[in-house]
Amino acid sequence: MVMNGHAHRCPKDYLAIYLPGMRQDLRTTNSEWDYCWWSIDGPLAAALVSGFGLRAGVHRAGAPPIELIDQLLGQIVRADRAGEIDASTTALALTTAAAKAVQASPGKQGDVLVAKARLLVHDNWQHVGFGIDSIAATLGVDRSTLSRHFRKEAGVTLIQYLISMRIQNAITLLRQSDLPIAEIASRCGYGDYGYFRRVFRQRMGLSPSEFRTVGPE
């Protein structure tokens, strides 16, 4: 396959990630081959992928989650709101599975400490009180050391990474549920609604209630 003019091999159990604007050029050296793919559209697509720590390129990811892929195929053909919500939920689960597989893949992330920190974020972002201090304590490292390694490897600070994960999930709940905004804040790891509202506005340019009313579809 070709990405931005560069050729890459994508053997069995590898995952290729394209970002918006990248041309897809796939070729095979065998007479028969199979591959599975899904796409995420909308103005927040790139932010969602990067928020999971995924970067454009070819990554070792292990066996594909065929059950989730088959589930998504059955949901996207349903032309109703419930089908759309189910498909969005499954696509998010696929993205989460891809992120976990890539971060756990040996030899691809360069810093085991950062990979473990990412996995902790993926598993605990929804818990109120979870933050850099709890991550550092779990990993047995100094907070400043963890923050320095994470920023060097991931290109963003650890707190920015955690906030992105929480805000992206808040966006999903705001768009796809009628839950009270205070409950959404709590489900996304924010015990203080006022703080959640400030962080959301900083990221999205709208308050949570404004986004729910006039935000992008």
# chains A, B, ... in the order shown; residues from 1 in each chain; ligands from 1
$ select_by_dssp --residues "chain A" --states "strand (DSSP E)" --output "number ranges by chain"
A: 2-3, 6-7, 14-17, 57-60
$ write_last_selection --atoms "N, CA and C atoms" --output "JSON list (two decimals), in the first residue's frame"
[["chain", "number", "residue", "atom", "x", "y", "z"],
["A", 2, "VAL", "N", 0.27, 2.35, -0.44],
["A", 2, "VAL", "CA", 1.00, 3.62, -0.52],
["A", 2, "VAL", "C", 0.31, 4.63, 0.39],
["A", 3, "MET", "N", 1.11, 5.31, 1.22],
["A", 3, "MET", "CA", 0.61, 6.37, 2.10],
["A", 3, "MET", "C", 1.46, 7.60, 1.88],
["A", 6, "HIS", "N", 4.63, 7.06, 0.02],
["A", 6, "HIS", "CA", 5.59, 6.07, 0.52],
["A", 6, "HIS", "C", 4.94, 4.69, 0.54],
["A", 7, "ALA", "N", 5.68, 3.69, 0.06],
["A", 7, "ALA", "CA", 5.17, 2.32, 0.00],
["A", 7, "ALA", "C", 5.35, 1.63, 1.35],
["A", 14, "TYR", "N", -1.68, -6.99, 10.70],
["A", 14, "TYR", "CA", -1.24, -5.59, 10.79],
["A", 14, "TYR", "C", -2.41, -4.67, 10.50],
["A", 15, "LEU", "N", -2.31, -3.45, 10.99],
["A", 15, "LEU", "CA", -3.37, -2.46, 10.87],
["A", 15, "LEU", "C", -2.83, -1.22, 10.18],
["A", 16, "ALA", "N", -3.55, -0.73, 9.18],
["A", 16, "ALA", "CA", -3.16, 0.50, 8.48],
["A", 16, "ALA", "C", -4.12, 1.61, 8.87],
["A", 17, "ILE", "N", -3.59, 2.75, 9.25],
["A", 17, "ILE", "CA", -4.41, 3.89, 9.66],
["A", 17, "ILE", "C", -4.18, 5.05, 8.70],
["A", 57, "GLY", "N", -0.15, 5.28, 9.56],
["A", 57, "GLY", "CA", 0.93, 4.34, 9.31],
["A", 57, "GLY", "C", 0.45, 2.91, 9.41],
["A", 58, "VAL", "N", 1.39, 1.99, 9.35],
["A", 58, "VAL", "CA", 1.10, 0.56, 9.43],
["A", 58, "VAL", "C", 1.63, 0.04, 10.76],
["A", 59, "HIS", "N", 0.78, -0.62, 11.51],
["A", 59, "HIS", "CA", 1.13, -1.04, 12.86],
["A", 59, "HIS", "C", 0.76, -2.52, 13.07],
["A", 60, "ARG", "N", 1.60, -3.21, 13.81],
["A", 60, "ARG", "CA", 1.25, -4.58, 14.19],
["A", 60, "ARG", "C", 0.17, -4.52, 15.25]]
$ residues_around --residues "region 69-83 of chain A" --least-positions-apart "6" --cutoff "9 Å" --atoms "only C-alpha atoms" --output "ChimeraX atom specification"
/A:36-38,90-91,94
$ closest_residue --among "A:Asp13, A:Asp133, A:Glu183, A:Glu32" --to "Phe196 (chain A)" --atoms "only C-alpha atoms"
A:Glu183
$ residues_around --residues "region 139-150 of chain A" --least-positions-apart "2" --cutoff "9 Å" --atoms "only C-alpha atoms" --output "list in words"
Asp111, Leu113, Val114, Ala115, Lys116, Ala117, Arg118, Ile132, Asp133, Ser134, Ile135, Ala136, Ala137, Lys152, Glu153, Ala154, Gly155, Val156, Thr157, Leu158 and Ile159 of chain A
$ closest_residue --among "A:Arg212, A:Arg187, A:Arg203, A:His122" --to "Phe52 (chain A)" --atoms "only C-alpha atoms"
A:His122
